[in-house]
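Reading through the structure tokens given below for one structure.
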Amino acid sequence: MKFDGYQIKACPNCSQLYKDRIVVSFNTFGARNFSDGYVEGDWIPRFTNIIKCVNKDCGKFFKLADQKLITEIAFEDREDPEWVQAFNTSDCVLGIIELEKALTTEFCNERENEIMIRTLLNRKYNHTLKEEIKKEMPEAERKSQIKTLVA
Ligand SMILES: [Zn+2]
């Protein structure tokens, strides 16, 4: 993977800032493709296309494509005091509990958004066992998953 700086973006609903790494190149050597569209590999960046705003006063779900671009900065400037408060979007990947909550919000009033959330949720359910084996699933997520499977 090769990166070249960051894009500084803002939540479409408030002024919370986010940092997105600018991916210049990556490869799929050795990657595993699953029938649900999920791809995992050592050289594939962890993409996400929907996040929940980390600003407690906002807390709305939004598509990264709807963010407002503020500026682009060099990698060395990521710790600049002006941008240090910006959250990395790669740290905001939604888990099962948040995805299930998103289904009950106005974000999913748009059919396209609901389909994206259900697709992400389906992949999370499909890969639960693998993530649990690798100990990547938080305890609360695991309990929610078991509750869903038993219901
Ligand atoms: Zn916000």
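Ordering of the structure tokens sets the chain letters (A, B, ...), residue numbers begin anew at 1 in every chain, and ligands are numbered from 1 in the order given.
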
Write out, as CSV, each residue of segment 9-110 of chain A that has an atom at most 10 Å from segment 2-5 of chain A, together with the closest pair of atoms and their distance in Å to one decimal, counting only C-alpha atoms, rows going by chain and rising number.
```
residue,atom,partner,partner_atom,distance
A:Lys19,CA,A:Gly5,CA,9.5
A:Asp20,CA,A:Gly5,CA,8.5
A:Arg21,CA,A:Gly5,CA,6.0
A:Ile22,CA,A:Asp4,CA,5.4
A:Val23,CA,A:Phe3,CA,4.6
A:Val24,CA,A:Phe3,CA,5.3
A:Ser25,CA,A:Lys2,CA,5.1
A:Phe26,CA,A:Lys2,CA,6.3
A:Asn27,CA,A:Lys2,CA,9.7
A:Trp43,CA,A:Lys2,CA,9.3
A:Pro45,CA,A:Lys2,CA,9.5
A:Glu72,CA,A:Gly5,CA,7.2
A:Ile73,CA,A:Gly5,CA,5.7
A:Ala74,CA,A:Gly5,CA,4.3
A:Phe75,CA,A:Gly5,CA,4.1
A:Glu76,CA,A:Gly5,CA,7.7
A:Asp77,CA,A:Gly5,CA,8.2
A:Arg78,CA,A:Gly5,CA,7.9
```

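Residues of protein or nucleic acid lying within 9 Å of ligand 1, counting only C-alpha atoms and all ligand atoms, are Ala10, Cys11, Pro12, Asn13, Cys14, Ser15, Gln16, Leu17, Lys52, Cys53, Val54, Asn55, Lys56, Asp57, Cys58, Gly59, Lys60, Phe61 and Phe62 of chain A.
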
Take the residues just selected and output them with N, CA and C atoms as a short mmCIF file (atom, residue, chain, number, x, y, z; two decimals), in the first residue's frame.
```
data_model
loop_
_atom_site.label_atom_id
_atom_site.label_comp_id
_atom_site.auth_asym_id
_atom_site.auth_seq_id
_atom_site.Cartn_x
_atom_site.Cartn_y
_atom_site.Cartn_z
N ALA A 10 -15.06 17.35 6.44
CA ALA A 10 -15.96 17.65 7.55
C ALA A 10 -17.25 16.84 7.41
N CYS A 11 -17.82 16.52 8.55
CA CYS A 11 -19.13 15.85 8.59
C CYS A 11 -20.14 16.71 7.83
N PRO A 12 -21.02 16.10 7.03
CA PRO A 12 -22.01 16.89 6.29
C PRO A 12 -23.08 17.52 7.19
N ASN A 13 -23.17 17.08 8.46
CA ASN A 13 -24.20 17.59 9.36
C ASN A 13 -23.69 18.55 10.43
N CYS A 14 -22.37 18.53 10.68
CA CYS A 14 -21.79 19.44 11.69
C CYS A 14 -20.38 19.80 11.21
N SER A 15 -19.56 20.36 12.08
CA SER A 15 -18.22 20.78 11.63
C SER A 15 -17.12 19.83 12.07
N GLN A 16 -17.48 18.64 12.56
CA GLN A 16 -16.46 17.67 12.99
C GLN A 16 -15.53 17.33 11.82
N LEU A 17 -14.21 17.39 12.10
CA LEU A 17 -13.23 17.11 11.06
C LEU A 17 -12.78 15.65 11.07
N LYS A 52 -20.39 6.84 11.58
CA LYS A 52 -21.26 7.60 12.49
C LYS A 52 -20.40 8.73 13.04
N CYS A 53 -20.92 9.94 13.00
CA CYS A 53 -20.15 11.10 13.45
C CYS A 53 -19.74 10.91 14.91
N VAL A 54 -18.46 11.19 15.21
CA VAL A 54 -17.95 11.03 16.57
C VAL A 54 -18.33 12.20 17.47
N ASN A 55 -18.83 13.28 16.88
CA ASN A 55 -19.29 14.43 17.67
C ASN A 55 -20.58 14.02 18.39
N LYS A 56 -20.52 14.01 19.74
CA LYS A 56 -21.67 13.55 20.53
C LYS A 56 -22.93 14.38 20.27
N ASP A 57 -22.78 15.67 19.94
CA ASP A 57 -23.95 16.51 19.66
C ASP A 57 -24.56 16.21 18.30
N CYS A 58 -23.82 15.51 17.46
CA CYS A 58 -24.30 15.18 16.11
C CYS A 58 -24.67 13.69 16.08
N GLY A 59 -23.67 12.83 16.06
CA GLY A 59 -23.90 11.39 16.12
C GLY A 59 -24.67 10.80 14.96
N LYS A 60 -24.73 11.53 13.84
CA LYS A 60 -25.48 11.03 12.69
C LYS A 60 -24.62 10.14 11.80
N PHE A 61 -25.29 9.21 11.13
CA PHE A 61 -24.61 8.36 10.16
C PHE A 61 -24.52 9.13 8.85
N PHE A 62 -23.42 8.95 8.14
CA PHE A 62 -23.31 9.59 6.83
C PHE A 62 -22.36 8.82 5.93
#
```

Could you give me, as a VMD selection string, each residue of segment 53-111 of chain A that DSSP assigns to helix (DSSP H, G or I) when run on this structure's backbone? chain A and resid 64 to 66 75 to 79 89 to 91 96 to 102 106 to 109 111

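Comparing the minimum interatomic distances between Asp36 of chain A and each of A:Thr105, A:Ser144, A:Thr128, A:Thr119, counting only C-alpha atoms, we find that A:Thr119 sits nearest.
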
Using DSSP on the backbone, list every residue of segment 7-113 of chain A that comes out as strand (DSSP E), and give them as a tab-separated table (two decimals) with N, CA and C atoms, in the first residue's frame.
```tsv
chain	number	residue	atom	x	y	z
A	7	GLN	N	-6.63	13.77	3.14
A	7	GLN	CA	-7.68	14.73	2.83
A	7	GLN	C	-8.34	15.07	4.17
A	8	ILE	N	-8.49	16.36	4.42
A	8	ILE	CA	-9.22	16.80	5.60
A	8	ILE	C	-10.64	17.09	5.15
A	9	LYS	N	-11.59	16.44	5.82
A	9	LYS	CA	-13.00	16.58	5.43
A	9	LYS	C	-13.84	16.86	6.67
A	10	ALA	N	-15.06	17.35	6.44
A	10	ALA	CA	-15.96	17.65	7.55
A	10	ALA	C	-17.25	16.84	7.41
A	17	LEU	N	-14.21	17.39	12.10
A	17	LEU	CA	-13.23	17.11	11.06
A	17	LEU	C	-12.78	15.65	11.07
A	18	TYR	N	-12.47	15.17	9.88
A	18	TYR	CA	-11.97	13.81	9.69
A	18	TYR	C	-10.76	13.83	8.77
A	19	LYS	N	-9.91	12.82	8.94
A	19	LYS	CA	-8.73	12.65	8.09
A	19	LYS	C	-8.89	11.36	7.29
A	20	ASP	N	-8.74	11.47	5.99
A	20	ASP	CA	-8.75	10.29	5.11
A	20	ASP	C	-7.40	10.17	4.46
A	21	ARG	N	-6.75	9.01	4.59
A	21	ARG	CA	-5.49	8.81	3.90
A	21	ARG	C	-5.75	8.77	2.39
A	22	ILE	N	-4.87	9.40	1.63
A	22	ILE	CA	-5.01	9.36	0.18
A	22	ILE	C	-4.25	8.13	-0.31
A	23	VAL	N	-4.98	7.14	-0.80
A	23	VAL	CA	-4.38	5.89	-1.26
A	23	VAL	C	-3.91	6.09	-2.70
A	24	VAL	N	-2.61	5.92	-2.90
A	24	VAL	CA	-2.04	6.07	-4.23
A	24	VAL	C	-2.05	4.73	-4.96
A	25	SER	N	-1.72	3.67	-4.22
A	25	SER	CA	-1.74	2.34	-4.84
A	25	SER	C	-1.88	1.26	-3.78
A	32	ARG	N	-8.17	-12.65	-0.31
A	32	ARG	CA	-9.27	-13.62	-0.39
A	32	ARG	C	-10.54	-12.86	-0.71
A	33	ASN	N	-11.24	-13.31	-1.75
A	33	ASN	CA	-12.52	-12.72	-2.14
A	33	ASN	C	-13.63	-13.66	-1.71
A	39	VAL	N	-13.60	-8.58	0.85
A	39	VAL	CA	-12.24	-8.90	0.42
A	39	VAL	C	-11.31	-8.63	1.58
A	40	GLU	N	-10.42	-9.59	1.87
A	40	GLU	CA	-9.42	-9.34	2.90
A	40	GLU	C	-8.04	-9.67	2.36
A	50	ILE	N	-19.39	4.26	5.13
A	50	ILE	CA	-20.38	4.90	6.00
A	50	ILE	C	-19.80	4.94	7.40
A	51	ILE	N	-19.90	6.07	8.06
A	51	ILE	CA	-19.50	6.15	9.46
A	51	ILE	C	-20.56	6.90	10.26
A	52	LYS	N	-20.39	6.84	11.58
A	52	LYS	CA	-21.26	7.60	12.49
A	52	LYS	C	-20.40	8.73	13.04
A	61	PHE	N	-25.29	9.21	11.13
A	61	PHE	CA	-24.61	8.36	10.16
A	61	PHE	C	-24.52	9.13	8.85
A	62	PHE	N	-23.42	8.95	8.14
A	62	PHE	CA	-23.31	9.59	6.83
A	62	PHE	C	-22.36	8.82	5.93
A	63	LYS	N	-22.53	9.04	4.62
A	63	LYS	CA	-21.64	8.43	3.63
A	63	LYS	C	-20.40	9.31	3.51
A	68	LYS	N	-17.66	17.15	3.32
A	68	LYS	CA	-17.18	18.36	2.64
A	68	LYS	C	-15.66	18.35	2.68
A	69	LEU	N	-15.03	18.45	1.51
A	69	LEU	CA	-13.56	18.50	1.46
A	69	LEU	C	-13.10	19.87	1.93
A	70	ILE	N	-12.22	19.88	2.92
A	70	ILE	CA	-11.68	21.13	3.45
A	70	ILE	C	-10.35	21.46	2.77
A	71	THR	N	-9.43	20.48	2.80
A	71	THR	CA	-8.12	20.68	2.17
A	71	THR	C	-7.39	19.33	2.09
A	72	GLU	N	-6.24	19.35	1.45
A	72	GLU	CA	-5.37	18.18	1.44
A	72	GLU	C	-4.07	18.59	2.11
A	73	ILE	N	-3.50	17.68	2.92
A	73	ILE	CA	-2.25	17.98	3.62
A	73	ILE	C	-1.24	16.88	3.37
A	87	PHE	N	-10.43	13.18	13.24
A	87	PHE	CA	-10.46	11.73	13.45
A	87	PHE	C	-10.10	11.01	12.15
A	88	ASN	N	-9.36	9.91	12.27
A	88	ASN	CA	-9.10	9.07	11.11
A	88	ASN	C	-10.37	8.28	10.79
```
